[in-house]
Amino acid sequence: MNWEAVGAIAELVGAAAVVLTLIYLSIQLRQNTAQVTHSAMATEMAAYQDMIGRISDINALRIANPELTDLILRGQKDPEALTENESSRYFTWVVTLLRHGDMAYFLYERKIIDYERVTSSMGPLIGTFRTKGFLHIWGALKETGLFTSEYVKFIETLRQQGDA
């Protein structure tokens with residue numbers, strides 16, 4: 001047998017093996033990309049569902065507790081008129097809303113939710129922006145480092161849009 005022919009056949013087999021390997025790797029890469037995409041979507045959906053669940057919990061708390069709703073309404077109008085205990089409870093309520101907003105903003109920063117969803121999910125917070133009680137607490141909190149500077153800027157932007 002001719003060694004040149006054997007060499008040519010070996011090169012042809014080697015080239016075919018390289019082509020088949022590239023095809024296989026291409027298929028594996030596509031499947032892996034699809035799997036990663038689906039996994040990311042599932043994680044995003046779980047995070048969004050958790051956030052919506054927290055909104056429902058906030059609403060349910062107010063519905064189930066008329067005394068809390070009364071306290072919130074009084075705190076929004078005139079926080080100085082609250083007792084020390086009421087003031088503490090109202091402060092905690094506002095911080096809870098701000099923390100909810102912080103989580104929504106975190107999901108927005110990570111591009112898990114879009115701008116429309118972050119602002120709609122922050123509805124309970126946005127509705128309080130103009131109240132005397134919120135402004136009193138926000139003024140004391142925004143410079144403390146309790147929230148990221150980017151979140152503080154975001155809240156300030158939303159407040160200014162509400163004033164327009």
# chains A, B, ... in the order shown; residues from 1 in each chain; ligands from 1

$ closest_atom_pairs --of "region 76-156 of chain A" --to "region 48-54 of chain A" --cutoff "10 Å" --atoms "only C-alpha atoms" --output "CSV"
residue,atom,partner,partner_atom,distance
A:His100,CA,A:Arg54,CA,7.7
A:Gly101,CA,A:Met51,CA,9.6
A:Met103,CA,A:Met51,CA,7.7
A:Ala104,CA,A:Met51,CA,7.2
A:Leu107,CA,A:Tyr48,CA,8.0
A:Ile112,CA,A:Tyr48,CA,7.9
A:Ile113,CA,A:Tyr48,CA,7.6
A:Arg117,CA,A:Tyr48,CA,9.5
A:Ser121,CA,A:Ile52,CA,7.4

$ residues_around --residues "Thr131 (chain A)" --least-positions-apart "5" --cutoff "9 Å" --atoms "only C-alpha atoms" --output "number ranges by chain"
A: 75-78, 136

$ select_by_dssp --residues "chain A" --states "alpha helix (DSSP H)" --output "JSON, numbers by chain"
{"A": [3, 4, 5, 6, 7, 8, 9, 10, 11, 12, 13, 14, 15, 16, 17, 18, 19, 20, 21, 22, 23, 24, 25, 26, 27, 28, 29, 30, 31, 32, 33, 34, 35, 36, 37, 38, 39, 40, 41, 42, 43, 44, 45, 46, 47, 48, 49, 50, 51, 52, 53, 54, 55, 56, 57, 58, 59, 60, 61, 62, 63, 64, 66, 67, 68, 69, 70, 71, 72, 73, 74, 75, 76, 77, 84, 85, 86, 87, 88, 89, 90, 91, 92, 93, 94, 95, 96, 97, 98, 99, 100, 101, 102, 103, 104, 105, 106, 107, 108, 109, 115, 116, 117, 118, 119, 120, 121, 123, 124, 125, 126, 132, 133, 134, 135, 136, 137, 138, 139, 140, 141, 149, 150, 151, 152, 153, 154, 155, 156, 157, 158, 159, 160, 161, 162, 163]}

$ closest_residue --among "A:Pro66, A:Glu116, A:Val152, A:Val94" --to "Thr128 (chain A)" --atoms "only C-alpha atoms"
A:Val94

$ atom_distance --atom1 "CA of Pro124 (chain A)" --atom2 "CA of Ala60 (chain A)"
12.5 Å

$ residues_around --residues "region 79-87 of chain A" --least-positions-apart "3" --cutoff "10 Å" --atoms "only C-alpha atoms" --output "number ranges by chain"
A: 68, 71-76, 90-93, 131-137

$ write_last_selection --atoms "all heavy atoms" --output "short mmCIF file (atom, residue, chain, number, x, y, z; two decimals), in the first residue's frame"
data_model
loop_
_atom_site.label_atom_id
_atom_site.label_comp_id
_atom_site.auth_asym_id
_atom_site.auth_seq_id
_atom_site.Cartn_x
_atom_site.Cartn_y
_atom_site.Cartn_z
N LEU A 68 -53.80 49.72 62.75
CA LEU A 68 -52.56 50.05 62.05
C LEU A 68 -52.82 51.06 60.94
O LEU A 68 -52.08 52.02 60.78
CB LEU A 68 -51.90 48.79 61.47
CG LEU A 68 -50.65 49.02 60.63
CD1 LEU A 68 -49.53 49.67 61.46
CD2 LEU A 68 -50.18 47.72 60.00
N LEU A 71 -53.24 54.38 62.48
CA LEU A 71 -51.93 54.88 62.90
C LEU A 71 -51.14 55.42 61.70
O LEU A 71 -50.54 56.50 61.78
CB LEU A 71 -51.14 53.77 63.60
CG LEU A 71 -49.66 54.09 63.89
CD1 LEU A 71 -49.55 55.18 64.94
CD2 LEU A 71 -48.95 52.83 64.34
N ILE A 72 -51.14 54.69 60.61
CA ILE A 72 -50.41 55.12 59.41
C ILE A 72 -50.97 56.44 58.89
O ILE A 72 -50.21 57.36 58.58
CB ILE A 72 -50.45 54.02 58.33
CG1 ILE A 72 -49.63 52.81 58.77
CG2 ILE A 72 -49.94 54.55 56.99
CD1 ILE A 72 -49.86 51.56 57.94
N LEU A 73 -52.28 56.53 58.80
CA LEU A 73 -52.91 57.76 58.30
C LEU A 73 -52.59 58.95 59.22
O LEU A 73 -52.27 60.04 58.73
CB LEU A 73 -54.41 57.57 58.15
CG LEU A 73 -54.84 56.57 57.08
CD1 LEU A 73 -56.34 56.33 57.12
CD2 LEU A 73 -54.40 57.05 55.70
N ARG A 74 -52.64 58.74 60.54
CA ARG A 74 -52.30 59.82 61.46
C ARG A 74 -50.82 60.18 61.38
O ARG A 74 -50.45 61.35 61.42
CB ARG A 74 -52.68 59.44 62.90
CG ARG A 74 -54.19 59.45 63.13
CD ARG A 74 -54.59 59.21 64.59
NE ARG A 74 -54.19 57.89 65.08
CZ ARG A 74 -53.32 57.68 66.06
NH1 ARG A 74 -52.75 58.68 66.69
NH2 ARG A 74 -53.02 56.45 66.44
N GLY A 75 -49.97 59.16 61.23
CA GLY A 75 -48.53 59.40 61.11
C GLY A 75 -48.17 60.15 59.85
O GLY A 75 -47.25 60.98 59.85
N GLN A 76 -48.89 59.87 58.78
CA GLN A 76 -48.62 60.58 57.52
C GLN A 76 -49.00 62.06 57.63
O GLN A 76 -48.31 62.92 57.09
CB GLN A 76 -49.40 59.93 56.37
CG GLN A 76 -48.83 58.59 55.97
CD GLN A 76 -49.68 57.88 54.92
OE1 GLN A 76 -50.85 58.20 54.72
NE2 GLN A 76 -49.09 56.92 54.26
N TYR A 90 -44.94 53.73 63.62
CA TYR A 90 -45.04 54.39 62.31
C TYR A 90 -43.67 54.41 61.62
O TYR A 90 -43.56 54.14 60.42
CB TYR A 90 -45.60 55.82 62.45
CG TYR A 90 -45.68 56.51 61.13
CD1 TYR A 90 -46.57 56.09 60.14
CD2 TYR A 90 -44.85 57.59 60.83
CE1 TYR A 90 -46.63 56.70 58.91
CE2 TYR A 90 -44.90 58.21 59.60
CZ TYR A 90 -45.79 57.77 58.64
OH TYR A 90 -45.84 58.38 57.41
N PHE A 91 -42.63 54.71 62.38
CA PHE A 91 -41.27 54.71 61.84
C PHE A 91 -40.95 53.33 61.24
O PHE A 91 -40.44 53.23 60.13
CB PHE A 91 -40.27 55.06 62.95
CG PHE A 91 -38.83 55.04 62.51
CD1 PHE A 91 -38.24 56.16 61.95
CD2 PHE A 91 -38.06 53.88 62.65
CE1 PHE A 91 -36.92 56.15 61.54
CE2 PHE A 91 -36.74 53.85 62.25
CZ PHE A 91 -36.16 54.99 61.69
N THR A 92 -41.27 52.28 61.99
CA THR A 92 -41.03 50.92 61.52
C THR A 92 -41.82 50.64 60.25
O THR A 92 -41.31 49.98 59.33
CB THR A 92 -41.39 49.90 62.62
OG1 THR A 92 -40.59 50.18 63.77
CG2 THR A 92 -41.15 48.47 62.17
N TRP A 93 -43.02 51.14 60.17
CA TRP A 93 -43.84 50.95 58.97
C TRP A 93 -43.18 51.60 57.75
O TRP A 93 -43.07 50.97 56.69
CB TRP A 93 -45.24 51.54 59.18
CG TRP A 93 -46.08 51.48 57.94
CD1 TRP A 93 -46.33 52.50 57.07
CD2 TRP A 93 -46.73 50.33 57.40
NE1 TRP A 93 -47.11 52.05 56.03
CE2 TRP A 93 -47.37 50.72 56.22
CE3 TRP A 93 -46.84 49.01 57.82
CZ2 TRP A 93 -48.11 49.83 55.44
CZ3 TRP A 93 -47.58 48.13 57.05
CH2 TRP A 93 -48.19 48.55 55.87
N THR A 131 -46.39 62.91 51.93
CA THR A 131 -46.93 63.08 53.28
C THR A 131 -45.88 63.66 54.21
O THR A 131 -44.68 63.42 54.06
CB THR A 131 -47.45 61.74 53.86
OG1 THR A 131 -46.35 60.86 54.07
CG2 THR A 131 -48.47 61.10 52.94
N LYS A 132 -46.36 64.42 55.16
CA LYS A 132 -45.49 65.04 56.15
C LYS A 132 -44.71 63.98 56.94
O LYS A 132 -43.52 64.12 57.18
CB LYS A 132 -46.33 65.90 57.09
CG LYS A 132 -45.55 66.67 58.10
CD LYS A 132 -46.49 67.54 58.94
CE LYS A 132 -45.72 68.30 60.00
NZ LYS A 132 -46.62 69.11 60.84
N GLY A 133 -45.40 62.89 57.29
CA GLY A 133 -44.76 61.84 58.07
C GLY A 133 -43.63 61.16 57.31
O GLY A 133 -42.55 60.91 57.86
N PHE A 134 -43.86 60.86 56.03
CA PHE A 134 -42.81 60.22 55.24
C PHE A 134 -41.61 61.16 55.11
O PHE A 134 -40.47 60.75 55.31
CB PHE A 134 -43.30 59.84 53.84
CG PHE A 134 -42.20 59.31 52.97
CD1 PHE A 134 -41.81 57.99 53.04
CD2 PHE A 134 -41.50 60.15 52.10
CE1 PHE A 134 -40.77 57.50 52.26
CE2 PHE A 134 -40.46 59.68 51.32
CZ PHE A 134 -40.09 58.35 51.40
N LEU A 135 -41.86 62.40 54.78
CA LEU A 135 -40.77 63.36 54.59
C LEU A 135 -39.96 63.53 55.87
O LEU A 135 -38.73 63.65 55.82
CB LEU A 135 -41.33 64.70 54.11
CG LEU A 135 -41.97 64.68 52.72
CD1 LEU A 135 -42.63 66.02 52.42
CD2 LEU A 135 -40.94 64.34 51.66
N HIS A 136 -40.63 63.50 57.00
CA HIS A 136 -39.94 63.62 58.29
C HIS A 136 -38.98 62.43 58.49
O HIS A 136 -37.81 62.62 58.83
CB HIS A 136 -40.98 63.68 59.41
CG HIS A 136 -40.42 63.70 60.78
ND1 HIS A 136 -39.83 64.82 61.32
CD2 HIS A 136 -40.36 62.74 61.73
CE1 HIS A 136 -39.41 64.54 62.54
NE2 HIS A 136 -39.72 63.29 62.81
N ILE A 137 -39.47 61.24 58.25
CA ILE A 137 -38.64 60.03 58.45
C ILE A 137 -37.59 59.91 57.36
O ILE A 137 -36.42 59.61 57.64
CB ILE A 137 -39.53 58.78 58.53
CG1 ILE A 137 -40.36 58.85 59.81
CG2 ILE A 137 -38.69 57.49 58.48
CD1 ILE A 137 -41.43 57.78 59.91
#
